[in-house]
Amino acid sequence: MREQLANIRAQALAAFEGAQTPAALDELRVKYLGKKGELTVVLKQMGRLSPEERPAMGQLANEVRAALESAIEEGGRRLAAAALEARLKAEAVDVTIPGRAVKLGHQHPMYVALDEIKEIFIGMGFTVLDGPEVELAELNFDRLNAEEGHPSRDWSDTFYFDEDSRVMLRSQTSPMQVRAMDSMPLPIRIIAPGRVYRKDEVDATHSPMFHQVEGMVIDKGVTMADLKGTLNTVVQKLYGEGTRTRFRPHHFPFTEPSCEMDVQCHKCGGVGCPTCKGEGWIELLGAGMIHPRVLEMAGIDPDVWSGWAFGIGLERTAMRRFKIADLRLIFENDVRFLEQF
Ligand code: DAH
């Protein structure tokens, strides 16, 4: 039996050392130390030994078992280290290889124009608001003094969600005026850029979805002079010092008086050319003094507070800023177009 144990020890140790994978090593463990393993079988024969032989043989058997177990452990460590080594080698990064350039995109021209407008107004102490595109007709129309029967409420002009015309895609950013009045403490100075929707056919200057930037100031003693002064300053910053503006009377239900502001054509300097359709002036925005009824409906006393507001079309601003001839280009996302800005 002594010899048997010595053989097992020698064979097993050699075999363990040769194992190339954890699975092979485990197979060998079963082969020698498992329930029916070679060492186990020998140990089971201990009972047949004489009482004198048993202690010495028992000790030897235990030594062999301990040797095999520690050899297996050692083999496990060896295989794990080898596996790690192989993985490190396989995943090695050659830091000397030149990097692949990342193709970075850039801002859409319309957002460049929007950021310029935001910059200017933030610099004058305005807060930028964001609001829902799915809006209550009450805020888009009623609270803006355009009650039932107003032509802009027509089904052919407006995207409604329900038969009762209560919920709609906002047709203007002006309901943000009402939202600001309802939620902010006075005085208020805000701009609110965002998408608006109208039932328009797509052509070079129209789209059923476009963007506006709404602006509003409410304070004590605010007059039309503040409106003109502020918007003139904005135009100087957007289009350069010395750019002339012109205010024409107009009508909006939520302002009184209302006006439209034109800027002198940047192309011809006011003489008249195809860009300004011979007018010398290009319409830029609608504006006016907030109608006292609109203030009243928001619970603001028009005898104490007054305000002015404006709405500007963002696509048109970008088109003029970047000399883009067709509105559709702004939404088509053709990179050949976008790359030019
Ligand atoms: N909401 C108007 C439109 O869609 C534009 C506008 C005009 C906004 C006058 C205003 C304003 O705030 O005071 O045509």
# chains A, B, ... in the order shown; residues from 1 in each chain; ligands from 1
$ residues_near_ligand --ligand "ligand 1" --cutoff "8 Å" --atoms "only C-alpha atoms and all ligand atoms" --output "list in words"
Ser171, Gln172, Thr173, Ser174, Gln177, Gln212, Glu214, Gly215, Met216, Phe252, Phe254, Thr255, Ser258, Cys259, Glu260, Leu285, Gly286, Ala287, Gly288, Met289, Ile290, Trp308, Ala309, Phe310, Gly311 and Ile312 of chain A
$ residues_around --residues "Leu129 in chain A" --least-positions-apart "4" --cutoff "9 Å" --atoms "only C-alpha atoms" --output "MDAnalysis selection string"
chainID A and resid 176 180 190:193
$ write_last_selection --atoms "N, CA and C atoms" --output "PDB file, in the first residue's frame"
ATOM      1  N   MET A 176     -47.627  81.663 -24.067  1.00  0.00           N
ATOM      2  CA  MET A 176     -46.592  81.720 -23.026  1.00  0.00           C
ATOM      3  C   MET A 176     -46.656  83.038 -22.248  1.00  0.00           C
ATOM      4  N   ALA A 180     -46.831  82.926 -18.285  1.00  0.00           N
ATOM      5  CA  ALA A 180     -45.913  83.714 -17.451  1.00  0.00           C
ATOM      6  C   ALA A 180     -46.702  84.593 -16.481  1.00  0.00           C
ATOM      7  N   ILE A 190     -39.597  88.180 -19.977  1.00  0.00           N
ATOM      8  CA  ILE A 190     -39.340  86.812 -20.460  1.00  0.00           C
ATOM      9  C   ILE A 190     -39.223  86.766 -21.973  1.00  0.00           C
ATOM     10  N   ILE A 191     -38.499  85.769 -22.448  1.00  0.00           N
ATOM     11  CA  ILE A 191     -38.679  85.341 -23.831  1.00  0.00           C
ATOM     12  C   ILE A 191     -39.028  83.850 -23.783  1.00  0.00           C
ATOM     13  N   ALA A 192     -39.754  83.372 -24.798  1.00  0.00           N
ATOM     14  CA  ALA A 192     -40.186  81.973 -24.830  1.00  0.00           C
ATOM     15  C   ALA A 192     -40.104  81.446 -26.259  1.00  0.00           C
ATOM     16  N   PRO A 193     -39.006  80.803 -26.605  1.00  0.00           N
ATOM     17  CA  PRO A 193     -38.883  80.238 -27.951  1.00  0.00           C
ATOM     18  C   PRO A 193     -39.586  78.886 -28.036  1.00  0.00           C
TER      19      PRO A 193
END
$ select_by_dssp --residues "range 17-152 of chain A" --states "alpha helix (DSSP H)" --output "PyMOL selection string"
chain A and resi 17-18+22-33+38-44+53-90+109-123+137-140
$ residues_around --residues "Val64 in chain A" --least-positions-apart "6" --cutoff "12 Å" --atoms "only C-alpha atoms" --output "list in words"
Arg2, Glu3, Gln4, Leu5, Ala6, Asn7, Ile8, Arg9, Ala10, Gln11, Ala12, Leu13, Tyr32, Leu33, Glu38, Leu39, Thr40, Val42, Leu43, Met57, Gly58, Ser70 and Ala71 of chain A
$ write_last_selection --atoms "C-alpha atoms" --output "CSV table (one decimal), in the first residue's frame"
chain,number,residue,atom,x,y,z
A,2,ARG,CA,2.9,2.3,0.7
A,3,GLU,CA,4.0,1.8,-2.8
A,4,GLN,CA,0.5,2.4,-4.2
A,5,LEU,CA,0.3,5.7,-2.4
A,6,ALA,CA,3.7,6.7,-3.6
A,7,ASN,CA,2.7,5.9,-7.2
A,8,ILE,CA,-0.6,7.8,-6.9
A,9,ARG,CA,1.3,10.8,-5.5
A,10,ALA,CA,3.9,10.8,-8.3
A,11,GLN,CA,1.3,10.3,-11.1
A,12,ALA,CA,-1.2,12.8,-9.7
A,13,LEU,CA,1.4,15.5,-9.2
A,32,TYR,CA,-7.7,11.1,-7.9
A,33,LEU,CA,-9.7,12.6,-5.0
A,38,GLU,CA,-7.8,6.5,-7.1
A,39,LEU,CA,-6.7,7.8,-3.7
A,40,THR,CA,-10.1,7.4,-2.2
A,42,VAL,CA,-6.9,3.1,-1.6
A,43,LEU,CA,-8.0,4.9,1.6
A,57,MET,CA,-0.2,4.2,6.8
A,58,GLY,CA,-3.0,6.6,7.8
A,70,SER,CA,-2.3,21.8,-2.4
A,71,ALA,CA,-1.0,20.8,-5.9
$ select_by_dssp --residues "range 143-195 of chain A" --states "strand (DSSP E or B)" --output "number ranges by chain"
A: 160, 167-169, 188-195
$ write_last_selection --atoms "N, CA, C and O atoms" --output "PDB file, in the first residue's frame"
ATOM      1  N   TYR A 160     -56.633  70.998 -34.146  1.00  0.00           N
ATOM      2  CA  TYR A 160     -57.298  70.679 -32.878  1.00  0.00           C
ATOM      3  C   TYR A 160     -57.187  69.193 -32.582  1.00  0.00           C
ATOM      4  O   TYR A 160     -57.051  68.369 -33.483  1.00  0.00           O
ATOM      5  N   VAL A 167     -58.379  71.556 -27.045  1.00  0.00           N
ATOM      6  CA  VAL A 167     -56.943  71.278 -26.995  1.00  0.00           C
ATOM      7  C   VAL A 167     -56.390  71.337 -28.416  1.00  0.00           C
ATOM      8  O   VAL A 167     -57.016  70.840 -29.338  1.00  0.00           O
ATOM      9  N   MET A 168     -55.246  71.956 -28.571  1.00  0.00           N
ATOM     10  CA  MET A 168     -54.717  72.203 -29.920  1.00  0.00           C
ATOM     11  C   MET A 168     -53.201  72.227 -29.914  1.00  0.00           C
ATOM     12  O   MET A 168     -52.577  72.293 -28.864  1.00  0.00           O
ATOM     13  N   LEU A 169     -52.629  72.126 -31.118  1.00  0.00           N
ATOM     14  CA  LEU A 169     -51.220  72.463 -31.257  1.00  0.00           C
ATOM     15  C   LEU A 169     -51.160  73.980 -31.304  1.00  0.00           C
ATOM     16  O   LEU A 169     -51.855  74.587 -32.122  1.00  0.00           O
ATOM     17  N   ILE A 188     -42.262  91.268 -14.870  1.00  0.00           N
ATOM     18  CA  ILE A 188     -41.888  90.093 -15.669  1.00  0.00           C
ATOM     19  C   ILE A 188     -41.095  90.537 -16.894  1.00  0.00           C
ATOM     20  O   ILE A 188     -41.445  91.535 -17.540  1.00  0.00           O
ATOM     21  N   ARG A 189     -40.041  89.809 -17.176  1.00  0.00           N
ATOM     22  CA  ARG A 189     -39.296  90.019 -18.431  1.00  0.00           C
ATOM     23  C   ARG A 189     -38.916  88.638 -18.940  1.00  0.00           C
ATOM     24  O   ARG A 189     -38.062  87.979 -18.375  1.00  0.00           O
ATOM     25  N   ILE A 190     -39.597  88.180 -19.977  1.00  0.00           N
ATOM     26  CA  ILE A 190     -39.340  86.812 -20.460  1.00  0.00           C
ATOM     27  C   ILE A 190     -39.223  86.766 -21.973  1.00  0.00           C
ATOM     28  O   ILE A 190     -39.762  87.611 -22.679  1.00  0.00           O
ATOM     29  N   ILE A 191     -38.499  85.769 -22.448  1.00  0.00           N
ATOM     30  CA  ILE A 191     -38.679  85.341 -23.831  1.00  0.00           C
ATOM     31  C   ILE A 191     -39.028  83.850 -23.783  1.00  0.00           C
ATOM     32  O   ILE A 191     -38.668  83.152 -22.832  1.00  0.00           O
ATOM     33  N   ALA A 192     -39.754  83.372 -24.798  1.00  0.00           N
ATOM     34  CA  ALA A 192     -40.186  81.973 -24.830  1.00  0.00           C
ATOM     35  C   ALA A 192     -40.104  81.446 -26.259  1.00  0.00           C
ATOM     36  O   ALA A 192     -41.007  81.680 -27.057  1.00  0.00           O
ATOM     37  N   PRO A 193     -39.006  80.803 -26.605  1.00  0.00           N
ATOM     38  CA  PRO A 193     -38.883  80.238 -27.951  1.00  0.00           C
ATOM     39  C   PRO A 193     -39.586  78.886 -28.036  1.00  0.00           C
ATOM     40  O   PRO A 193     -39.724  78.198 -27.022  1.00  0.00           O
ATOM     41  N   GLY A 194     -40.020  78.509 -29.244  1.00  0.00           N
ATOM     42  CA  GLY A 194     -40.596  77.174 -29.377  1.00  0.00           C
ATOM     43  C   GLY A 194     -41.317  76.957 -30.694  1.00  0.00           C
ATOM     44  O   GLY A 194     -41.446  77.863 -31.516  1.00  0.00           O
ATOM     45  N   ARG A 195     -41.799  75.707 -30.870  1.00  0.00           N
ATOM     46  CA  ARG A 195     -42.486  75.344 -32.108  1.00  0.00           C
ATOM     47  C   ARG A 195     -43.933  75.805 -32.071  1.00  0.00           C
ATOM     48  O   ARG A 195     -44.569  75.774 -31.019  1.00  0.00           O
TER      49      ARG A 195
END
$ residues_around --residues "Thr317 in chain A" --least-positions-apart "5" --cutoff "9 Å" --atoms "only C-alpha atoms" --output "list of chain:residue names"
A:Met110, A:Ala113, A:Leu114, A:Leu284, A:Ile312, A:Phe322
$ residues_around --residues "Gly269 in chain A" --least-positions-apart "4" --cutoff "8 Å" --atoms "only C-alpha atoms" --output "MDAnalysis selection string"
chainID A and resid 264:265 280
